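A.B. asks: Next up, coords-v9.csv (CSV, C-alpha atoms (C1' of nucleotides)).
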```csv
chain,number,residue,atom,x,y,z
A,1329,MET,CA,135.4,68.3,70.5
A,1330,ALA,CA,132.5,70.0,72.1
A,1331,ARG,CA,134.0,72.3,74.7
A,1332,PRO,CA,132.1,73.2,77.8
A,1333,ASP,CA,130.9,76.6,76.5
A,1334,THR,CA,129.4,75.1,73.4
A,1335,ASN,CA,126.5,75.0,75.8
A,1336,LEU,CA,125.0,78.5,75.8
A,1337,ARG,CA,123.9,78.3,79.4
A,1338,ALA,CA,127.5,77.5,80.5
A,1339,THR,CA,128.6,81.0,79.5
A,1340,CYS,CA,125.8,82.7,81.3
A,1341,LEU,CA,126.3,84.3,84.7
A,1342,ALA,CA,124.2,84.9,87.8
A,1343,ILE,CA,124.0,88.5,88.9
A,1344,GLY,CA,126.4,87.9,91.8
A,1345,VAL,CA,129.1,86.6,89.5
A,1346,LEU,CA,128.5,89.4,87.0
A,1347,SER,CA,128.8,91.8,89.9
A,1348,GLU,CA,132.2,90.5,90.9
A,1349,ARG,CA,133.5,90.3,87.4
A,1350,THR,CA,132.6,93.9,86.5
A,1351,GLY,CA,132.9,95.5,89.9
A,1352,VAL,CA,129.4,96.8,89.7
A,1353,ASN,CA,127.2,96.4,92.7
A,1354,ILE,CA,124.3,93.9,92.4
A,1355,GLU,CA,121.7,96.6,93.3
A,1356,THR,CA,123.3,99.0,90.8
A,1357,THR,CA,123.1,96.4,88.1
A,1358,ARG,CA,119.4,95.9,88.6
A,1359,TYR,CA,119.0,99.7,88.7
A,1360,TYR,CA,120.7,100.0,85.3
A,1361,GLU,CA,118.3,97.4,84.0
A,1362,ARG,CA,115.3,99.2,85.5
A,1363,ILE,CA,116.2,102.5,83.7
A,1364,GLY,CA,116.8,100.6,80.5
A,1365,LEU,CA,120.6,101.1,80.4
A,1366,LEU,CA,121.4,97.5,80.6
A,1367,PRO,CA,119.2,95.1,78.4
A,1368,LYS,CA,117.0,92.7,80.3
A,1369,PRO,CA,118.7,89.4,80.6
A,1370,ASP,CA,117.0,86.0,80.2
A,1371,ARG,CA,115.7,84.4,83.3
A,1372,THR,CA,116.2,80.9,84.7
A,1373,ALA,CA,113.1,78.8,85.5
A,1374,GLY,CA,113.1,80.4,89.0
A,1375,ARG,CA,113.2,83.9,87.6
A,1376,HIS,CA,116.8,84.5,88.4
A,1377,ARG,CA,118.6,86.7,85.9
A,1378,SER,CA,121.1,84.9,83.6
A,1379,TYR,CA,123.6,87.2,81.9
A,1380,ALA,CA,125.1,86.5,78.5
A,1381,PRO,CA,128.6,87.7,77.5
A,1382,GLU,CA,127.3,90.8,75.8
A,1383,HIS,CA,125.8,91.9,79.1
A,1384,VAL,CA,129.2,91.5,80.7
A,1385,ALA,CA,130.6,93.7,78.0
A,1386,THR,CA,127.9,96.3,78.3
A,1387,LEU,CA,128.1,96.5,82.0
A,1388,ALA,CA,131.9,96.8,81.9
A,1389,PHE,CA,131.5,99.6,79.3
A,1390,ILE,CA,129.1,101.4,81.7
A,1391,ARG,CA,131.5,101.0,84.5
A,1392,ARG,CA,134.4,102.4,82.7
A,1393,ALA,CA,132.3,105.3,81.4
A,1394,ARG,CA,131.2,106.0,85.0
A,1395,GLU,CA,134.8,106.0,86.1
A,1396,LEU,CA,135.3,108.8,83.6
A,1397,GLY,CA,132.4,110.6,85.2
A,1398,PHE,CA,130.0,110.4,82.3
A,1399,PRO,CA,126.4,110.8,83.4
A,1400,LEU,CA,124.1,107.8,82.7
A,1401,GLU,CA,122.2,109.6,80.0
A,1402,THR,CA,125.4,110.3,78.1
A,1403,ILE,CA,126.4,106.7,78.6
A,1404,ARG,CA,123.2,105.6,77.1
A,1405,ASP,CA,124.1,107.6,74.0
A,1406,LEU,CA,127.7,106.2,74.0
A,1407,ILE,CA,126.4,102.7,74.1
A,1408,ARG,CA,124.1,103.4,71.1
A,1409,LEU,CA,127.0,105.1,69.2
A,1410,ASN,CA,129.3,102.1,69.9
A,1411,ALA,CA,126.7,99.7,68.6
A,1412,GLU,CA,126.2,101.8,65.5
A,1413,GLY,CA,130.0,101.9,64.9
A,1414,ALA,CA,131.6,104.7,62.8
A,1415,CYS,CA,131.1,107.1,65.6
A,1416,CYS,CA,134.6,108.5,66.2
A,1417,GLU,CA,133.7,112.1,65.6
A,1418,THR,CA,130.6,112.1,67.8
A,1419,ALA,CA,132.4,110.2,70.5
A,1420,ARG,CA,135.0,112.9,70.5
A,1421,ASP,CA,132.4,115.6,70.7
A,1422,VAL,CA,130.6,113.9,73.6
A,1423,THR,CA,133.8,113.5,75.4
A,1424,ALA,CA,134.9,117.0,74.8
A,1425,ALA,CA,131.6,118.3,76.1
A,1426,HIS,CA,132.0,116.2,79.2
A,1427,ARG,CA,135.4,117.6,79.7
A,1428,ARG,CA,134.0,121.1,79.5
A,1429,ASP,CA,131.6,120.2,82.3
A,1430,ILE,CA,134.4,118.9,84.4
A,1431,ARG,CA,136.5,121.9,83.8
A,1432,ARG,CA,133.6,124.2,84.8
A,1433,LYS,CA,133.2,122.3,88.0
A,1434,ILE,CA,136.9,122.6,88.7
A,1435,ALA,CA,136.7,126.3,88.1
A,1436,ASP,CA,133.8,126.6,90.5
A,1437,LEU,CA,135.5,124.6,93.2
A,1438,ARG,CA,138.7,126.6,92.8
A,1439,LYS,CA,136.7,129.8,93.4
A,1440,LEU,CA,135.4,128.2,96.6
A,1441,ASP,CA,138.8,127.2,97.6
A,1442,ARG,CA,140.1,130.7,97.2
A,1443,ALA,CA,137.2,132.2,99.1
A,1444,LEU,CA,137.7,129.7,101.9
A,1445,SER,CA,141.4,130.3,102.0
A,1446,VAL,CA,140.9,134.1,102.4
A,1447,LEU,CA,138.7,133.4,105.4
A,1448,ILE,CA,141.1,130.9,106.9
A,1449,ASP,CA,144.0,133.2,106.4
A,1450,GLU,CA,142.2,136.1,108.1
A,1451,CYS,CA,141.3,134.0,111.1
A,1452,HIS,CA,143.8,133.9,114.0
A,1453,PRO,CA,142.1,132.3,116.9
A,1454,GLY,CA,142.7,134.0,120.2
A,1455,LYS,CA,144.1,137.2,118.6
A,1456,GLN,CA,140.9,138.8,117.5
A,1457,PRO,CA,137.9,140.2,119.2
A,1458,SER,CA,135.5,138.5,116.8
A,1459,CYS,CA,135.8,135.7,114.3
A,1460,PRO,CA,136.3,136.8,110.7
A,1461,ILE,CA,134.7,133.7,109.4
A,1462,MET,CA,131.6,134.2,111.5
A,1463,ASN,CA,131.6,137.9,110.6
A,1464,ALA,CA,131.7,137.0,106.9
A,1465,LEU,CA,128.8,134.6,107.3
A,1466,ALA,CA,126.7,136.8,109.5
A,1467,ALA,CA,127.5,140.0,107.6
A,1468,ARG,CA,124.8,142.7,108.0
A,1469,GLN,CA,124.7,143.9,104.4
A,1470,PRO,CA,126.9,142.4,101.7
B,1128,MET,CA,107.6,159.6,118.9
B,1129,ALA,CA,106.4,156.1,118.1
B,1130,ARG,CA,107.9,155.2,114.8
B,1131,PRO,CA,106.2,152.7,112.6
B,1132,ASP,CA,108.3,149.8,113.5
B,1133,THR,CA,107.7,150.2,117.2
B,1134,ASN,CA,104.9,147.9,116.2
B,1135,LEU,CA,106.5,144.4,116.1
B,1136,ARG,CA,104.4,143.2,113.2
B,1137,ALA,CA,105.6,146.0,111.0
B,1138,THR,CA,109.1,144.5,111.0
B,1139,CYS,CA,107.9,141.0,110.1
B,1140,LEU,CA,108.0,139.7,106.5
B,1141,ALA,CA,105.9,137.4,104.4
B,1142,ILE,CA,107.8,134.6,102.8
B,1143,GLY,CA,107.9,136.2,99.4
B,1144,VAL,CA,109.5,139.4,100.7
B,1145,LEU,CA,112.0,137.3,102.8
B,1146,SER,CA,112.8,135.4,99.6
B,1147,GLU,CA,113.5,138.5,97.6
B,1148,ARG,CA,115.5,140.0,100.4
B,1149,THR,CA,117.8,137.0,101.0
B,1150,GLY,CA,117.8,135.6,97.5
B,1151,VAL,CA,116.6,132.3,98.8
B,1152,ASN,CA,113.8,130.6,96.9
B,1153,ILE,CA,110.5,130.3,98.7
B,1154,GLU,CA,110.3,126.6,98.4
B,1155,THR,CA,113.9,126.3,99.7
B,1156,THR,CA,113.0,128.5,102.7
B,1157,ARG,CA,110.2,126.2,103.6
B,1158,TYR,CA,112.5,123.2,103.1
B,1159,TYR,CA,115.0,124.7,105.6
B,1160,GLU,CA,112.2,125.1,108.1
B,1161,ARG,CA,111.1,121.5,107.5
B,1162,ILE,CA,114.5,120.1,108.2
B,1163,GLY,CA,114.9,122.3,111.3
B,1164,LEU,CA,117.6,124.6,109.9
B,1165,LEU,CA,115.5,127.8,110.0
B,1166,PRO,CA,113.4,128.2,113.1
B,1167,LYS,CA,109.6,128.1,112.6
B,1168,PRO,CA,108.3,131.6,112.3
B,1169,ASP,CA,105.1,132.9,113.9
B,1170,ARG,CA,102.0,132.7,111.8
B,1171,THR,CA,99.3,135.2,110.8
B,1172,ALA,CA,95.7,134.6,111.6
B,1173,GLY,CA,95.4,132.9,108.2
B,1174,ARG,CA,98.4,130.6,108.9
B,1175,HIS,CA,100.8,132.5,106.7
B,1176,ARG,CA,104.4,132.6,107.9
B,1177,SER,CA,105.6,135.9,109.4
B,1178,TYR,CA,109.3,136.3,109.6
B,1179,ALA,CA,111.1,138.4,112.3
B,1180,PRO,CA,114.4,140.1,111.7
B,1181,GLU,CA,116.4,137.2,113.3
B,1182,HIS,CA,114.9,134.9,110.6
B,1183,VAL,CA,116.2,137.2,107.9
B,1184,ALA,CA,119.7,137.1,109.5
B,1185,THR,CA,119.7,133.4,109.9
B,1186,LEU,CA,118.5,132.8,106.3
B,1187,ALA,CA,121.1,135.2,105.0
B,1188,PHE,CA,123.7,133.3,107.0
B,1189,ILE,CA,122.6,130.1,105.5
B,1190,ARG,CA,122.7,131.5,102.0
B,1191,ARG,CA,126.3,132.8,102.4
B,1192,ALA,CA,127.4,129.5,103.9
B,1193,ARG,CA,125.8,127.7,101.0
B,1194,GLU,CA,127.6,130.0,98.5
B,1195,LEU,CA,130.8,128.8,100.2
B,1196,GLY,CA,129.7,125.3,99.5
B,1197,PHE,CA,129.1,124.2,103.2
B,1198,PRO,CA,126.7,121.3,103.5
B,1199,LEU,CA,123.5,121.9,105.4
B,1200,GLU,CA,124.5,119.8,108.3
B,1201,THR,CA,127.7,121.8,108.7
B,1202,ILE,CA,125.7,125.0,108.4
B,1203,ARG,CA,123.6,123.7,111.2
B,1204,ASP,CA,126.7,123.5,113.4
B,1205,LEU,CA,127.9,126.9,112.3
B,1206,ILE,CA,124.7,128.5,113.2
B,1207,ARG,CA,124.9,126.9,116.7
B,1208,LEU,CA,128.5,128.0,117.0
B,1209,ASN,CA,127.7,131.5,116.0
B,1210,ALA,CA,124.9,131.7,118.6
B,1211,GLU,CA,127.2,130.4,121.3
B,1212,GLY,CA,129.9,133.0,120.3
B,1213,ALA,CA,133.6,132.5,121.2
B,1214,CYS,CA,133.9,130.0,118.4
B,1215,CYS,CA,136.8,131.2,116.3
B,1216,GLU,CA,138.9,128.2,116.6
B,1217,THR,CA,136.1,125.7,115.9
B,1218,ALA,CA,134.9,127.9,113.0
B,1219,ARG,CA,138.4,127.8,111.6
B,1220,ASP,CA,138.6,124.0,111.9
B,1221,VAL,CA,135.2,123.5,110.3
B,1222,THR,CA,136.2,125.8,107.4
B,1223,ALA,CA,139.6,124.1,107.0
B,1224,ALA,CA,137.9,120.7,106.9
B,1225,HIS,CA,135.5,121.9,104.3
B,1226,ARG,CA,138.4,123.2,102.2
B,1227,ARG,CA,140.0,119.8,102.4
B,1228,ASP,CA,136.8,118.3,101.0
B,1229,ILE,CA,136.8,120.9,98.2
B,1230,ARG,CA,140.4,120.2,97.4
B,1231,ARG,CA,139.8,116.5,97.3
B,1232,LYS,CA,137.0,117.0,94.8
B,1233,ILE,CA,139.2,119.2,92.7
B,1234,ALA,CA,141.9,116.6,92.7
B,1235,ASP,CA,139.4,113.9,91.6
B,1236,LEU,CA,138.1,116.1,88.8
B,1237,ARG,CA,141.5,116.9,87.6
B,1238,LYS,CA,142.3,113.2,87.3
B,1239,LEU,CA,139.1,112.9,85.2
B,1240,ASP,CA,140.2,115.9,83.1
B,1241,ARG,CA,143.6,114.3,82.4
B,1242,ALA,CA,142.1,110.9,81.5
B,1243,LEU,CA,139.6,112.6,79.2
B,1244,SER,CA,142.3,114.7,77.6
B,1245,VAL,CA,144.4,111.6,76.9
B,1246,LEU,CA,141.4,110.1,75.1
B,1247,ILE,CA,140.6,113.2,73.2
B,1248,ASP,CA,144.2,113.7,72.1
B,1249,GLU,CA,144.4,110.2,70.8
B,1250,CYS,CA,141.2,110.6,68.8
B,1251,HIS,CA,141.6,111.9,65.2
B,1252,PRO,CA,138.3,111.3,63.5
B,1253,GLY,CA,138.6,110.0,60.0
B,1254,LYS,CA,142.2,109.0,60.4
B,1255,GLN,CA,141.9,105.8,62.4
B,1256,PRO,CA,140.3,102.5,61.7
B,1257,SER,CA,138.6,102.4,65.1
B,1258,CYS,CA,137.8,105.0,67.7
B,1259,PRO,CA,140.3,105.1,70.6
B,1260,ILE,CA,137.6,106.5,72.9
B,1261,MET,CA,135.2,103.7,72.2
B,1262,ASN,CA,138.1,101.2,72.4
B,1263,ALA,CA,139.0,102.5,75.8
B,1264,LEU,CA,135.4,102.1,77.0
B,1265,ALA,CA,134.8,98.8,75.4
B,1266,ALA,CA,138.2,97.3,76.3
B,1267,ARG,CA,138.2,93.6,76.6
B,1268,GLN,CA,140.3,93.2,79.7
B,1269,PRO,CA,141.6,96.2,81.6
C,1249,DG,C1',81.2,144.7,101.0
C,1250,DC,C1',82.4,142.4,96.7
C,1251,DT,C1',85.3,140.8,93.3
C,1252,DA,C1',89.6,139.8,91.1
C,1253,DC,C1',93.9,138.3,91.4
C,1254,DA,C1',98.2,137.6,93.7
C,1255,DA,C1',100.4,135.3,97.4
C,1256,DT,C1',100.7,131.6,100.3
C,1257,DC,C1',99.3,127.2,102.2
C,1258,DT,C1',100.1,121.8,102.5
C,1259,DG,C1',101.5,117.7,100.6
C,1260,DT,C1',103.7,115.0,97.3
C,1261,DA,C1',106.8,113.7,93.8
C,1262,DG,C1',110.7,114.4,90.8
C,1263,DT,C1',115.9,115.2,90.1
C,1264,DC,C1',120.9,111.9,90.0
C,1265,DG,C1',123.1,107.6,91.0
C,1266,DC,C1',123.0,104.8,93.6
C,1267,DC,C1',122.6,101.8,98.4
C,1268,DA,C1',120.0,99.3,102.0
C,1269,DC,C1',116.5,96.9,103.6
C,1270,DA,C1',112.4,93.4,104.3
C,1271,DG,C1',110.2,89.5,103.3
C,1272,DA,C1',109.6,86.0,99.9
C,1273,DT,C1',111.6,82.7,97.0
C,1274,DG,C1',115.2,79.7,94.5
C,1275,DC,C1',119.1,76.8,94.2
C,1276,DA,C1',123.0,73.7,95.3
C,1277,DA,C1',125.6,70.8,98.5
C,1278,DG,C1',125.6,67.5,102.1
D,1241,DC,C1',115.4,66.9,103.2
D,1242,DT,C1',117.5,70.4,105.3
D,1243,DT,C1',120.6,74.0,105.6
D,1244,DG,C1',122.2,78.2,104.2
D,1245,DC,C1',123.4,81.2,100.7
D,1246,DA,C1',121.8,83.7,96.5
D,1247,DT,C1',118.5,86.1,94.4
D,1248,DC,C1',113.9,88.0,93.9
D,1249,DT,C1',110.5,92.3,94.1
D,1250,DG,C1',109.3,96.5,96.0
D,1251,DT,C1',110.2,100.3,98.7
D,1252,DG,C1',112.6,104.1,100.9
D,1253,DG,C1',116.6,106.8,101.9
D,1254,DC,C1',120.6,110.0,100.7
D,1255,DG,C1',121.6,115.8,99.6
D,1256,DA,C1',119.7,119.9,98.4
D,1257,DC,C1',116.6,121.4,96.4
D,1258,DT,C1',112.6,122.3,92.7
D,1259,DA,C1',108.0,121.8,90.8
D,1260,DC,C1',103.8,121.0,90.8
D,1261,DA,C1',98.3,120.6,92.4
D,1262,DG,C1',94.6,122.1,94.7
D,1263,DA,C1',93.0,124.7,98.6
D,1264,DT,C1',93.1,129.0,101.3
D,1265,DT,C1',94.3,133.8,102.4
D,1266,DG,C1',95.5,138.6,101.7
D,1267,DT,C1',94.9,142.8,99.3
D,1268,DA,C1',93.6,146.4,96.1
D,1269,DG,C1',90.2,148.6,93.4
D,1270,DC,C1',85.5,149.6,92.9
```
Could you rewrite the structure in this file as C-alpha cells?

C.D. replies:
Amino acid sequence: MARPDTNLRATCLAIGVLSERTGVNIETTRYYERIGLLPKPDRTAGRHRSYAPEHVATLAFIRRARELGFPLETIRDLIRLNAEGACCETARDVTAAHRRDIRRKIADLRKLDRALSVLIDECHPGKQPSCPIMNALAARQP
Amino acid sequence: MARPDTNLRATCLAIGVLSERTGVNIETTRYYERIGLLPKPDRTAGRHRSYAPEHVATLAFIRRARELGFPLETIRDLIRLNAEGACCETARDVTAAHRRDIRRKIADLRKLDRALSVLIDECHPGKQPSCPIMNALAARQP
DNA sequence: GCTACAATCTGTAGTCGCCACAGATGCAAG
DNA sequence: CTTGCATCTGTGGCGACTACAGATTGTAGC
C-alpha cells in the first residue's frame, strides 16, 4: 500500500541530483538561492540542502526562462506571476518587452556587422600602401 | 618664431579635456591605464595626469575599436599591430574573426526571437484556460 | 596671498550571471 | 573504520565599465 514516496524524504534530492535533473550547475543553484530566486530548501542534519519537488519545478522554470534569455530579475517576476495564476496578459507583455530588447540587440549587432563588412571589403592585403582597417581605427579626425 | 606649442607642456592635456576630446569617460580612461591598454602618462607636480598627443591618438583608436565592438584584449593586439605597421593581412583576419563572433551572436538572438514569437503568437489573453507562455516555462517534462 | 570652487587623485565596490577554487565537513559503502 | 565522493561556506574572478568617498591639487577672482 504505502509506496516508497509516501515518505516525504524519499522525494527530496541532494543538490547534485537536482543539478543533473535540471541541467543547472550546482554553484549556479546555490547562487539562485543566495539572490532569493530559488527558495531556501530544508537541510539534513549535516546541513546539506534537501530539495523538494517544488524546488525542482522552480529551478526547471528558471532554466527554461534563461534559455529564452530572460534576465534573472524578470524571471523573478515571472515566477511570482505564475504562482499568482491568471497572468496571461502580463506574461505576454513581459515576453513582448523582452523580445523588443532582443530585437534592439540584433539591430545593434547588424549595424556592427555592416560596418565591419565595409572595412573587410575595402581591405585587400598586399595591394594597398596602407591598411584601410587601421586607417579607419587610427583616423585623424572623424 | 616660437609658437605656443613649441613648449611641450602646452600640447598636453588634463584627463578631463582628454575625456571631452575623445568622448571616453574619465573613469574609463583611468581603467584603460590600469589594465595597461593606454600607456601611463606623465604627471604634473601635483600627480595629475598629463596626456601627450600620442595618448589622444591611442585613446581615440580604442574608442573607435570599441564602437566596432572589438573586445579590449583584441584592441590590445590591434594597437600593437598598428604600431608595428605592415599588418594589413592580420588586421583583416582579426576583423573577420570578430565579424564571425558578431554573426554568431546575431544567429543566437534570432533563435531567441523566433522562440519568443512563437510563444507570443500562441498567447491570446482572455481566450484560453491557461497561459501558453507560463505552460511552456513550467512544462512538466521537456 | 587668500579664498572658493572645480578638477583630479586613489581606492574600493557595484553591475550581470555565473564559474572556480580552498579548506572544512558530511555521508555512504565496503 | 576507513576511504573517497559529495557537499558545505566563503571568496574572488570574468568583461567593461560606472559610481562613489574622501583627500589633494589647480585655478580664477579679489

A.B. asks: For chain A, report every residue with an atom at most 6 Å from chain B (counting all atoms listed in the file), formatted as a CSV table (one decimal) with C-alpha atoms, in the frame of the given file.

C.D. replies:
```
chain,number,residue,atom,x,y,z
A,1389,PHE,CA,131.5,99.6,79.3
A,1392,ARG,CA,134.4,102.4,82.7
A,1396,LEU,CA,135.3,108.8,83.6
A,1416,CYS,CA,134.6,108.5,66.2
A,1417,GLU,CA,133.7,112.1,65.6
A,1434,ILE,CA,136.9,122.6,88.7
A,1440,LEU,CA,135.4,128.2,96.6
A,1453,PRO,CA,142.1,132.3,116.9
A,1459,CYS,CA,135.8,135.7,114.3
A,1465,LEU,CA,128.8,134.6,107.3
A,1466,ALA,CA,126.7,136.8,109.5
```

A.B. asks: Could you give me, as a list in words, the residues within 9 Å of Arg1176 in chain B, counting all atoms listed in the file and dropping anything in the same chain fewer than 5 positions from it?

C.D. replies: Leu1140, Ala1141, Ile1142, Lys1167, Pro1168, Asp1169, Arg1170 and Thr1171 of chain B; DT1256 of chain C

A.B. asks: Computed after least-squares fitting of chain B to chain A on all C-alpha atoms in order, what is the RMSD in Å?

C.D. replies: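 My reading of the C-alpha RMSD is 0.1 Å.
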
A.B. asks: Using all atoms listed in the file, I'd like a table of the residues in chain A that come within 8 Å of chain D; for each, show the closest atom pair and its distance in Å rounded to one decimal, ordered by chain and ascending number, as a Markdown table.

C.D. replies:
```
| residue | atom | partner | partner_atom | distance |
| --- | --- | --- | --- | --- |
| A:Gly1344 | CA | D:DA1246 | C1' | 7.8 |
| A:Arg1375 | CA | D:DC1248 | C1' | 7.5 |
| A:His1376 | CA | D:DT1247 | C1' | 6.4 |
```

A.B. asks: List every protein, DNA or RNA residue that has at least one atom no more than 12 Å from (118.3, 100.5, 77.6) in the file's coordinates, counting only C-alpha atoms (C1' of nucleotides), and write the result as a list in words.

C.D. replies: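 Counting only C-alpha atoms (C1' of nucleotides), I find these residues within 12 Å of (118.3, 100.5, 77.6): Arg1358, Tyr1359, Tyr1360, Glu1361, Arg1362, Ile1363, Gly1364, Leu1365, Leu1366, Pro1367, Lys1368, Pro1369, His1383, Thr1386, Leu1387, Ile1390, Leu1400, Glu1401, Ile1403, Arg1404, Asp1405, Leu1406, Ile1407 and Arg1408 of chain A.
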
A.B. asks: To one decimal place, how far is CA of Val1144 in chain B from CA of Glu1181 in chain B in Å?

C.D. replies: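 CA of Glu1181 in chain B lies at a distance of 14.5 Å from CA of Val1144 in chain B.
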
A.B. asks: Near chain C, meaning an atom within 8 Å, which residues of chain A appear when counting all atoms listed in the file? Write them as a list in words.

C.D. replies: Glu1355, Thr1356, Gly1374 and His1376 of chain A

A.B. asks: In Å to one decimal, how far is CA of Val1422 in chain A from CA of Thr1402 in chain A?

C.D. replies: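 CA of Val1422 in chain A lies at a distance of 7.8 Å from CA of Thr1402 in chain A.
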
A.B. asks: Can you work out the spacing between CA of Ala1373 in chain A and CA of Cys1340 in chain A in Å, to one decimal?

C.D. replies: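 Computing it gives 13.9 Å between the two atoms.
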